[in-house]
$ cat my_file34.cif   # mmCIF, C-alpha atoms and all ligand atoms; chains and numbers go by the auth columns
data_protein
loop_
_atom_site.group_PDB
_atom_site.id
_atom_site.type_symbol
_atom_site.label_atom_id
_atom_site.label_comp_id
_atom_site.label_asym_id
_atom_site.label_seq_id
_atom_site.Cartn_x
_atom_site.Cartn_y
_atom_site.Cartn_z
_atom_site.B_iso_or_equiv
_atom_site.auth_seq_id
_atom_site.auth_asym_id
ATOM 1 C CA MET A 1 8.054 -33.180 -25.022 0.00 1498 A
ATOM 2 C CA ALA A 2 8.590 -35.772 -22.320 0.00 1499 A
ATOM 3 C CA VAL A 3 5.153 -34.973 -20.967 0.00 1500 A
ATOM 4 C CA GLY A 4 3.564 -35.552 -24.375 0.00 1501 A
ATOM 5 C CA ILE A 5 5.227 -38.954 -24.761 0.00 1502 A
ATOM 6 C CA GLY A 6 4.320 -39.691 -21.158 0.00 1503 A
ATOM 7 C CA LEU A 7 0.674 -38.864 -21.821 0.00 1504 A
ATOM 8 C CA LEU A 8 0.628 -41.357 -24.667 0.00 1505 A
ATOM 9 C CA THR A 9 1.420 -44.192 -22.294 0.00 1506 A
ATOM 10 C CA LYS A 10 -0.166 -43.101 -19.073 0.00 1507 A
ATOM 11 C CA TYR A 11 -2.713 -40.399 -18.358 0.00 1508 A
ATOM 12 C CA SER A 12 -1.412 -39.990 -14.814 0.00 1509 A
ATOM 13 C CA MET A 13 1.241 -37.852 -16.493 0.00 1510 A
ATOM 14 C CA ILE A 14 -1.214 -34.963 -16.243 0.00 1511 A
ATOM 15 C CA PHE A 15 -0.767 -35.021 -12.453 0.00 1512 A
ATOM 16 C CA PHE A 16 2.929 -34.583 -12.946 0.00 1513 A
ATOM 17 C CA CYS A 17 2.156 -31.325 -14.752 0.00 1514 A
ATOM 18 C CA ILE A 18 -0.037 -30.051 -11.926 0.00 1515 A
ATOM 19 C CA SER A 19 2.730 -30.742 -9.425 0.00 1516 A
ATOM 20 C CA ALA A 20 5.263 -29.109 -11.703 0.00 1517 A
ATOM 21 C CA LEU A 21 3.138 -25.965 -11.777 0.00 1518 A
ATOM 22 C CA PHE A 22 2.913 -25.987 -7.987 0.00 1519 A
ATOM 23 C CA LEU A 23 6.663 -26.336 -7.674 0.00 1520 A
ATOM 24 C CA LEU A 24 7.421 -23.616 -10.215 0.00 1521 A
ATOM 25 C CA LEU A 25 5.107 -21.244 -8.394 0.00 1522 A
ATOM 26 C CA ARG A 26 6.850 -22.059 -5.156 0.00 1523 A
ATOM 27 C CA LEU A 27 10.341 -21.541 -6.551 0.00 1524 A
ATOM 28 C CA ASN A 28 9.243 -18.281 -8.233 0.00 1525 A
ATOM 29 C CA GLN A 29 10.422 -19.624 -11.575 0.00 1526 A
ATOM 30 C CA PHE A 30 7.025 -19.294 -13.167 0.00 1527 A
ATOM 31 C CA SER A 31 7.227 -18.159 -16.790 0.00 1528 A
ATOM 32 C CA TRP A 32 4.155 -18.143 -19.041 0.00 1529 A
ATOM 33 C CA VAL A 33 6.246 -18.273 -22.223 0.00 1530 A
ATOM 34 C CA GLN A 34 7.973 -21.481 -21.149 0.00 1531 A
ATOM 35 C CA ILE A 35 4.771 -23.090 -19.916 0.00 1532 A
ATOM 36 C CA ILE A 36 2.821 -22.284 -23.077 0.00 1533 A
ATOM 37 C CA THR A 37 5.665 -23.587 -25.265 0.00 1534 A
ATOM 38 C CA ALA A 38 5.877 -26.770 -23.224 0.00 1535 A
ATOM 39 C CA THR A 39 2.102 -27.267 -23.295 0.00 1536 A
ATOM 40 C CA THR A 40 1.989 -26.768 -27.055 0.00 1537 A
ATOM 41 C CA ILE A 41 4.727 -29.341 -27.647 0.00 1538 A
ATOM 42 C CA ALA A 42 3.046 -31.796 -25.289 0.00 1539 A
ATOM 43 C CA LEU A 43 -0.338 -31.316 -27.007 0.00 1540 A
ATOM 44 C CA LEU A 44 1.176 -31.722 -30.471 0.00 1541 A
ATOM 45 C CA ILE A 45 2.640 -35.065 -29.487 0.00 1542 A
ATOM 46 C CA PHE A 46 -0.555 -36.096 -27.724 0.00 1543 A
ATOM 47 C CA CYS A 47 -3.049 -34.902 -30.395 0.00 1544 A
ATOM 48 C CA PRO A 48 -3.109 -38.113 -32.501 0.00 1545 A
ATOM 49 C CA ASN A 49 -4.423 -39.820 -29.384 0.00 1546 A
ATOM 50 C CA ILE A 50 -7.149 -37.192 -28.899 0.00 1547 A
ATOM 51 C CA ILE A 51 -8.170 -37.387 -32.575 0.00 1548 A
ATOM 52 C CA TRP A 52 -8.279 -41.169 -32.438 0.00 1549 A
ATOM 53 C CA ASN A 53 -10.436 -40.945 -29.333 0.00 1550 A
ATOM 54 C CA ILE A 54 -12.867 -38.546 -30.952 0.00 1551 A
ATOM 55 C CA THR A 55 -13.206 -40.650 -34.116 0.00 1552 A
ATOM 56 C CA HIS A 56 -13.641 -43.860 -32.109 0.00 1553 A
ATOM 57 C CA ASP A 57 -16.261 -42.620 -29.617 0.00 1554 A
ATOM 58 C CA PHE A 58 -13.938 -42.034 -26.611 0.00 1555 A
ATOM 59 C CA PRO A 59 -12.805 -45.574 -25.741 0.00 1556 A
ATOM 60 C CA THR A 60 -10.151 -44.319 -23.288 0.00 1557 A
ATOM 61 C CA LEU A 61 -12.609 -42.351 -21.219 0.00 1558 A
ATOM 62 C CA LYS A 62 -14.968 -45.333 -21.183 0.00 1559 A
ATOM 63 C CA HIS A 63 -12.124 -47.596 -20.197 0.00 1560 A
ATOM 64 C CA HIS A 64 -11.271 -45.390 -17.205 0.00 1561 A
ATOM 65 C CA VAL A 65 -14.874 -45.175 -16.117 0.00 1562 A
ATOM 66 C CA GLU A 66 -15.232 -48.958 -16.387 0.00 1563 A
ATOM 67 C CA MET A 67 -12.028 -49.512 -14.435 0.00 1564 A
ATOM 68 C CA THR A 68 -13.356 -47.502 -11.498 0.00 1565 A
ATOM 69 C CA SER A 69 -16.907 -48.860 -11.468 0.00 1566 A
ATOM 70 C CA LEU A 70 -16.278 -52.499 -12.252 0.00 1567 A
ATOM 71 C CA ASP A 71 -19.045 -54.167 -10.269 0.00 1568 A
ATOM 72 C CA LYS A 72 -21.630 -51.451 -10.665 0.00 1569 A
ATOM 73 C CA GLY A 73 -22.860 -52.408 -14.097 0.00 1570 A
ATOM 74 C CA THR A 74 -22.872 -50.171 -17.113 0.00 1571 A
ATOM 75 C CA GLU A 75 -24.147 -47.108 -15.297 0.00 1572 A
ATOM 76 C CA VAL A 76 -21.470 -44.398 -15.249 0.00 1573 A
ATOM 77 C CA GLN A 77 -20.353 -43.735 -11.692 0.00 1574 A
ATOM 78 C CA ILE A 78 -18.847 -40.312 -11.226 0.00 1575 A
ATOM 79 C CA SER A 79 -17.793 -40.350 -7.572 0.00 1576 A
ATOM 80 C CA PRO A 80 -15.510 -43.423 -7.804 0.00 1577 A
ATOM 81 C CA LEU A 81 -13.947 -41.806 -10.845 0.00 1578 A
ATOM 82 C CA ILE A 82 -13.176 -38.661 -8.846 0.00 1579 A
ATOM 83 C CA GLU A 83 -11.888 -40.745 -5.941 0.00 1580 A
ATOM 84 C CA PHE A 84 -9.657 -42.615 -8.348 0.00 1581 A
ATOM 85 C CA LEU A 85 -8.328 -39.341 -9.797 0.00 1582 A
ATOM 86 C CA ILE A 86 -7.578 -37.895 -6.354 0.00 1583 A
ATOM 87 C CA GLY A 87 -5.870 -41.134 -5.345 0.00 1584 A
ATOM 88 C CA GLN A 88 -3.693 -41.020 -8.436 0.00 1585 A
ATOM 89 C CA PHE A 89 -2.869 -37.392 -7.765 0.00 1586 A
ATOM 90 C CA VAL A 90 -1.804 -37.974 -4.148 0.00 1587 A
ATOM 91 C CA ILE A 91 0.251 -41.043 -4.975 0.00 1588 A
ATOM 92 C CA PHE A 92 1.945 -40.080 -8.207 0.00 1589 A
ATOM 93 C CA SER A 93 2.595 -36.376 -8.004 0.00 1590 A
ATOM 94 C CA PRO A 94 5.556 -34.881 -6.136 0.00 1591 A
ATOM 95 C CA ILE A 95 7.369 -38.179 -5.666 0.00 1592 A
ATOM 96 C CA ILE A 96 8.710 -37.753 -9.180 0.00 1593 A
ATOM 97 C CA PHE A 97 10.033 -34.460 -7.941 0.00 1594 A
ATOM 98 C CA SER A 98 11.902 -35.610 -4.884 0.00 1595 A
ATOM 99 C CA PRO A 99 15.310 -34.945 -6.485 0.00 1596 A
ATOM 100 C CA ILE A 100 14.413 -31.257 -6.463 0.00 1597 A
ATOM 101 C CA GLU A 101 13.136 -31.512 -2.901 0.00 1598 A
ATOM 102 C CA GLU A 102 16.529 -32.765 -1.746 0.00 1599 A
ATOM 103 C CA ASN A 103 16.230 -31.567 1.844 0.00 1600 A
ATOM 104 C CA CYS A 104 12.676 -32.690 2.462 0.00 1601 A
ATOM 105 C CA GLN A 105 11.977 -32.982 6.208 0.00 1602 A
ATOM 106 C CA CYS A 106 9.146 -35.510 5.974 0.00 1603 A
ATOM 107 C CA PRO A 107 9.163 -38.776 7.990 0.00 1604 A
ATOM 108 C CA VAL A 108 9.968 -40.729 4.809 0.00 1605 A
ATOM 109 C CA CYS A 109 12.939 -38.640 3.656 0.00 1606 A
ATOM 110 C CA SER A 110 14.310 -37.613 7.075 0.00 1607 A
ATOM 111 C CA PRO A 111 13.156 -40.199 9.628 0.00 1608 A
ATOM 112 C CA GLU A 112 15.886 -39.151 12.089 0.00 1609 A
ATOM 113 C CA LYS A 113 14.144 -35.758 12.491 0.00 1610 A
ATOM 114 C CA HIS A 114 11.024 -37.592 13.686 0.00 1611 A
ATOM 115 C CA GLY A 115 12.731 -39.838 16.225 0.00 1612 A
ATOM 116 C CA PHE A 116 13.038 -42.973 14.060 0.00 1613 A
ATOM 117 C CA ASN A 117 16.248 -44.969 13.985 0.00 1614 A
ATOM 118 C CA HIS A 118 15.978 -46.481 10.517 0.00 1615 A
ATOM 119 C CA PRO A 119 17.676 -44.845 7.506 0.00 1616 A
ATOM 120 C CA PHE A 120 15.546 -42.875 5.033 0.00 1617 A
ATOM 121 C CA TYR A 121 13.561 -44.583 2.266 0.00 1618 A
ATOM 122 C CA SER A 122 15.295 -43.895 -1.002 0.00 1619 A
ATOM 123 C CA ARG A 123 13.482 -42.923 -4.174 0.00 1620 A
ATOM 124 C CA ALA A 124 14.675 -46.106 -5.843 0.00 1621 A
ATOM 125 C CA TYR A 125 13.296 -48.285 -3.040 0.00 1622 A
ATOM 126 C CA ILE A 126 9.881 -46.623 -3.177 0.00 1623 A
ATOM 127 C CA HIS A 127 9.898 -46.923 -6.951 0.00 1624 A
ATOM 128 C CA HIS A 128 10.661 -50.623 -6.609 0.00 1625 A
ATOM 129 C CA LEU A 129 7.843 -51.078 -4.075 0.00 1626 A
ATOM 130 C CA GLN A 130 5.378 -49.466 -6.457 0.00 1627 A
ATOM 131 C CA LYS A 131 6.623 -51.559 -9.373 0.00 1628 A
ATOM 132 C CA ILE A 132 5.868 -54.781 -7.512 0.00 1629 A
ATOM 133 C CA ASN A 133 2.506 -53.369 -6.331 0.00 1630 A
ATOM 134 C CA GLU A 134 3.571 -53.437 -2.715 0.00 1631 A
ATOM 135 C CA MET A 135 1.187 -51.417 -0.525 0.00 1632 A
ATOM 136 C CA LEU A 136 4.033 -49.867 1.494 0.00 1633 A
ATOM 137 C CA GLY A 137 5.222 -47.981 -1.589 0.00 1634 A
ATOM 138 C CA SER A 138 1.956 -46.064 -1.873 0.00 1635 A
ATOM 139 C CA ILE A 139 1.828 -45.445 1.869 0.00 1636 A
ATOM 140 C CA LEU A 140 5.313 -43.933 1.896 0.00 1637 A
ATOM 141 C CA ALA A 141 4.693 -41.871 -1.222 0.00 1638 A
ATOM 142 C CA THR A 142 1.433 -40.542 0.199 0.00 1639 A
ATOM 143 C CA GLN A 143 3.159 -39.611 3.466 0.00 1640 A
ATOM 144 C CA HIS A 144 5.807 -37.674 1.592 0.00 1641 A
ATOM 145 C CA ASN A 145 3.249 -35.913 -0.622 0.00 1642 A
ATOM 146 C CA ILE A 146 0.961 -34.898 2.198 0.00 1643 A
ATOM 147 C CA TRP A 147 3.973 -33.432 3.971 0.00 1644 A
ATOM 148 C CA PHE A 148 4.727 -31.465 0.800 0.00 1645 A
ATOM 149 C CA TYR A 149 1.242 -29.932 0.741 0.00 1646 A
ATOM 150 C CA LEU A 150 1.238 -29.215 4.475 0.00 1647 A
ATOM 151 C CA GLN A 151 4.527 -27.394 3.994 0.00 1648 A
ATOM 152 C CA ILE A 152 3.000 -25.171 1.307 0.00 1649 A
ATOM 153 C CA MET A 153 0.100 -24.314 3.594 0.00 1650 A
ATOM 154 C CA GLN A 154 2.442 -23.574 6.491 0.00 1651 A
ATOM 155 C CA GLU A 155 4.460 -21.228 4.321 0.00 1652 A
ATOM 156 C CA MET A 156 1.278 -19.426 3.321 0.00 1653 A
ATOM 157 C CA ARG A 157 0.253 -19.028 6.947 0.00 1654 A
ATOM 158 C CA ALA A 158 3.707 -17.729 7.922 0.00 1655 A
ATOM 159 C CA LYS A 159 3.552 -15.192 5.115 0.00 1656 A
ATOM 160 C CA GLU A 160 0.154 -14.001 6.311 0.00 1657 A
ATOM 161 C CA HIS A 161 1.450 -13.530 9.874 0.00 1658 A
ATOM 162 C CA LYS A 162 4.518 -11.670 8.633 0.00 1659 A
ATOM 163 C CA ASN A 163 2.231 -9.351 6.674 0.00 1660 A
ATOM 164 C CA LEU A 164 0.111 -8.677 9.750 0.00 1661 A
ATOM 165 C CA VAL A 165 3.125 -7.932 11.954 0.00 1662 A
ATOM 166 C CA GLU A 166 4.644 -5.600 9.365 0.00 1663 A
ATOM 167 C CA ASN A 167 1.486 -3.580 8.834 0.00 1664 A
ATOM 168 C CA LEU A 168 0.573 -2.926 12.486 0.00 1665 A
ATOM 169 C CA GLN A 169 -0.170 0.719 13.318 0.00 1666 A
ATOM 170 C CA LYS A 170 -1.075 2.853 16.313 0.00 1667 A
ATOM 171 C CA GLN A 171 -4.749 2.523 17.326 0.00 1668 A
ATOM 172 C CA ASP A 172 -4.958 -0.990 15.899 0.00 1669 A
ATOM 173 C CA GLU A 173 -6.818 -3.415 18.138 0.00 1670 A
ATOM 174 C CA ILE A 174 -5.205 -6.820 18.379 0.00 1671 A
ATOM 175 C CA ILE A 175 -5.139 -10.148 20.208 0.00 1672 A
ATOM 176 C CA THR A 176 -1.673 -11.430 21.085 0.00 1673 A
ATOM 177 C CA SER A 177 -0.666 -15.076 20.825 0.00 1674 A
ATOM 178 C CA SER A 178 -1.095 -15.384 24.607 0.00 1675 A
ATOM 179 C CA GLY A 179 -4.674 -14.117 24.338 0.00 1676 A
ATOM 180 C CA ILE A 180 -4.290 -10.530 25.586 0.00 1677 A
ATOM 181 C CA VAL A 181 -6.720 -8.087 23.952 0.00 1678 A
ATOM 182 C CA GLY A 182 -5.547 -4.486 23.634 0.00 1679 A
ATOM 183 C CA LYS A 183 -5.108 -1.337 21.614 0.00 1680 A
ATOM 184 C CA ILE A 184 -1.705 -0.288 20.286 0.00 1681 A
ATOM 185 C CA THR A 185 -0.584 3.067 21.690 0.00 1682 A
ATOM 186 C CA ASP A 186 3.014 2.951 20.612 0.00 1683 A
ATOM 187 C CA ILE A 187 4.986 0.787 18.229 0.00 1684 A
ATOM 188 C CA ASN A 188 8.580 0.367 17.088 0.00 1685 A
ATOM 189 C CA SER A 189 10.372 -2.262 15.037 0.00 1686 A
ATOM 190 C CA THR A 190 10.586 -4.794 17.901 0.00 1687 A
ATOM 191 C CA TYR A 191 7.958 -3.962 20.538 0.00 1688 A
ATOM 192 C CA ILE A 192 4.368 -2.822 20.876 0.00 1689 A
ATOM 193 C CA THR A 193 2.906 -0.850 23.779 0.00 1690 A
ATOM 194 C CA LEU A 194 -0.556 -2.215 24.338 0.00 1691 A
ATOM 195 C CA GLU A 195 -3.338 -0.475 26.264 0.00 1692 A
ATOM 196 C CA VAL A 196 -5.300 -3.126 28.155 0.00 1693 A
ATOM 197 C CA GLY A 197 -8.088 -3.258 30.735 0.00 1694 A
ATOM 198 C CA ASP A 198 -11.631 -1.839 30.910 0.00 1695 A
ATOM 199 C CA ASN A 199 -12.571 1.857 30.889 0.00 1696 A
ATOM 200 C CA GLN A 200 -11.998 2.452 34.640 0.00 1697 A
ATOM 201 C CA ASN A 201 -8.790 0.529 34.844 0.00 1698 A
ATOM 202 C CA LYS A 202 -6.549 1.106 31.885 0.00 1699 A
ATOM 203 C CA THR A 203 -2.913 0.088 31.975 0.00 1700 A
ATOM 204 C CA GLU A 204 -0.175 -0.448 29.468 0.00 1701 A
ATOM 205 C CA VAL A 205 1.945 -3.491 28.788 0.00 1702 A
ATOM 206 C CA ILE A 206 4.833 -3.948 26.424 0.00 1703 A
ATOM 207 C CA VAL A 207 4.797 -7.062 24.230 0.00 1704 A
ATOM 208 C CA LYS A 208 6.944 -8.297 21.379 0.00 1705 A
ATOM 209 C CA ARG A 209 5.751 -7.193 17.971 0.00 1706 A
ATOM 210 C CA GLN A 210 5.852 -10.823 16.789 0.00 1707 A
ATOM 211 C CA ALA A 211 3.306 -11.741 19.464 0.00 1708 A
ATOM 212 C CA ALA A 212 0.511 -9.984 17.587 0.00 1709 A
ATOM 213 C CA GLU A 213 -1.708 -12.738 16.252 0.00 1710 A
ATOM 214 C CA THR A 214 -5.105 -11.404 15.224 0.00 1711 A
ATOM 215 C CA LEU A 215 -6.119 -7.968 14.026 0.00 1712 A
ATOM 216 C CA LEU A 216 -9.576 -6.997 15.326 0.00 1713 A
ATOM 217 C CA PRO A 217 -11.999 -4.683 13.561 0.00 1714 A
ATOM 218 C CA LYS A 218 -11.853 -1.152 15.027 0.00 1715 A
ATOM 219 C CA GLY A 219 -14.219 -0.687 17.981 0.00 1716 A
ATOM 220 C CA THR A 220 -14.245 -4.341 19.068 0.00 1717 A
ATOM 221 C CA ILE A 221 -12.706 -3.561 22.490 0.00 1718 A
ATOM 222 C CA LYS A 222 -15.374 -0.924 23.201 0.00 1719 A
ATOM 223 C CA GLU A 223 -18.038 -3.516 22.500 0.00 1720 A
ATOM 224 C CA ILE A 224 -16.502 -6.044 24.874 0.00 1721 A
ATOM 225 C CA PHE A 225 -16.696 -3.758 27.928 0.00 1722 A
HETATM 226 ZN ZN ZN B . 9.854 -36.332 1.781 0.00 1801 A
#
$ encode --input "my_file34.cif" --output "structure tokens" --more "lines below"
Ligand SMILES: [Zn+2]
Amino acid sequence: MAVGIGLLTKYSMIFFCISALFLLLRLNQFSWVQIITATTIALLIFCPNIIWNITHDFPTLKHHVEMTSLDKGTEVQISPLIEFLIGQFVIFSPIIFSPIEENCQCPVCSPEKHGFNHPFYSRAYIHHLQKINEMLGSILATQHNIWFYLQIMQEMRAKEHKNLVENLQKQDEIITSSGIVGKITDINSTYITLEVGDNQNKTEVIVKRQAAETLLPKGTIKEIF
């Protein structure tokens, strides 16, 4: 409901929804029933606006296009519109969510973790900066948001590595994080025995299972030598 009312005043509200989806996915609290109910309520509240737009030849859309291509005449400019949308997305999205991200480690929320001496920027302060159109507000919000997205990507990468380490088997050919290429001859929960060297000079080394970094297609080692 709040989203519907929000949409009536500001279309940036849609970016809030995208972020909310992201966050729900991340917290594993994703429920289609809830999302569909919420969307329906939001649309019901917002539909008079859509109908008005349709009957009046889309003034809102025109207004947004004009706003982003002010000095370029009447020709509709698509790329500034997209730039504008991305800008809005980066600036407005997860900042609304920072209460949920209480222990955010970004330079804005936890400057001490990054070697700065000043106290953290509070949500209220950033909100105030944005209210008075102070540039710093957007800079800080963007910093926090980019950190948020980087974190998601890092989590994905960590998951991928965990998958790889868990599914290693004998005869797999791998590269370790230190760059050693070898074939697994023995494996237990903590260590891997790796056969390394060319055909005349084979030897075995033991490495930590975690050190496996890349899984090579079978037969790659044969091709190297
Ligand atoms: Zn933060």
$ atom_distance --input "my_file34.cif" --atom1 "atom CA of Lys1659 of chain A" --atom2 "atom CA of Cys1606 of chain A"
28.7 Å
$ closest_residue --input "my_file34.cif" --among "A:Thr1536, A:Thr1711, A:Gln1666, A:Asn1600" --to "ligand ZN 1801 (chain A)" --atoms "only C-alpha atoms and all ligand atoms"
A:Asn1600
$ residues_near_point --input "my_file34.cif" --point "(2.1, -3.5, 24.8)" --cutoff "6 Å" --atoms "only C-alpha atoms" --output "PDB file with C-alpha atoms, keeping the file's coordinate frame"
ATOM      1  CA  ILE A1689       4.368  -2.822  20.876  1.00  0.00           C
ATOM      2  CA  THR A1690       2.906  -0.850  23.779  1.00  0.00           C
ATOM      3  CA  LEU A1691      -0.556  -2.215  24.338  1.00  0.00           C
ATOM      4  CA  VAL A1702       1.945  -3.491  28.788  1.00  0.00           C
ATOM      5  CA  ILE A1703       4.833  -3.948  26.424  1.00  0.00           C
ATOM      6  CA  VAL A1704       4.797  -7.062  24.230  1.00  0.00           C
TER       7      VAL A1704
END
$ atom_distance --input "my_file34.cif" --atom1 "atom CA of Leu1647 of chain A" --atom2 "atom CA of Ile1623 of chain A"
20.9 Å
$ closest_atom_pairs --input "my_file34.cif" --of "chain A" --to "ligand ZN 1801 (chain A)" --cutoff "8 Å" --atoms "all atoms listed in the file" --output "JSON lines"
{"residue": "A:Ser1595", "atom": "CA", "partner": "A:ZN1801", "partner_atom": "ZN", "distance": 7.0}
{"residue": "A:Glu1598", "atom": "CA", "partner": "A:ZN1801", "partner_atom": "ZN", "distance": 7.5}
{"residue": "A:Asn1600", "atom": "CA", "partner": "A:ZN1801", "partner_atom": "ZN", "distance": 8.0}
{"residue": "A:Cys1601", "atom": "CA", "partner": "A:ZN1801", "partner_atom": "ZN", "distance": 4.7}
{"residue": "A:Gln1602", "atom": "CA", "partner": "A:ZN1801", "partner_atom": "ZN", "distance": 5.9}
{"residue": "A:Cys1603", "atom": "CA", "partner": "A:ZN1801", "partner_atom": "ZN", "distance": 4.3}
{"residue": "A:Pro1604", "atom": "CA", "partner": "A:ZN1801", "partner_atom": "ZN", "distance": 6.7}
{"residue": "A:Val1605", "atom": "CA", "partner": "A:ZN1801", "partner_atom": "ZN", "distance": 5.3}
{"residue": "A:Cys1606", "atom": "CA", "partner": "A:ZN1801", "partner_atom": "ZN", "distance": 4.3}
{"residue": "A:Ser1607", "atom": "CA", "partner": "A:ZN1801", "partner_atom": "ZN", "distance": 7.0}
{"residue": "A:Gln1640", "atom": "CA", "partner": "A:ZN1801", "partner_atom": "ZN", "distance": 7.6}
{"residue": "A:His1641", "atom": "CA", "partner": "A:ZN1801", "partner_atom": "ZN", "distance": 4.3}
{"residue": "A:Asn1642", "atom": "CA", "partner": "A:ZN1801", "partner_atom": "ZN", "distance": 7.0}
{"residue": "A:Trp1644", "atom": "CA", "partner": "A:ZN1801", "partner_atom": "ZN", "distance": 6.9}
{"residue": "A:Phe1645", "atom": "CA", "partner": "A:ZN1801", "partner_atom": "ZN", "distance": 7.1}
$ resolve_selection --input "my_file34.cif" --expression "the PyMOL selection byres (((chain A and resi 1718) around 12) and not hetatm)" --output "PyMOL selection string"
chain A and resi 1668-1672+1677-1681+1692-1696+1712-1717+1719-1722
$ closest_residue --input "my_file34.cif" --among "A:Leu1626, A:Ala1621, A:Met1653, A:Ala1708" --to "Ser1675 of chain A" --atoms "only C-alpha atoms"
A:Ala1708
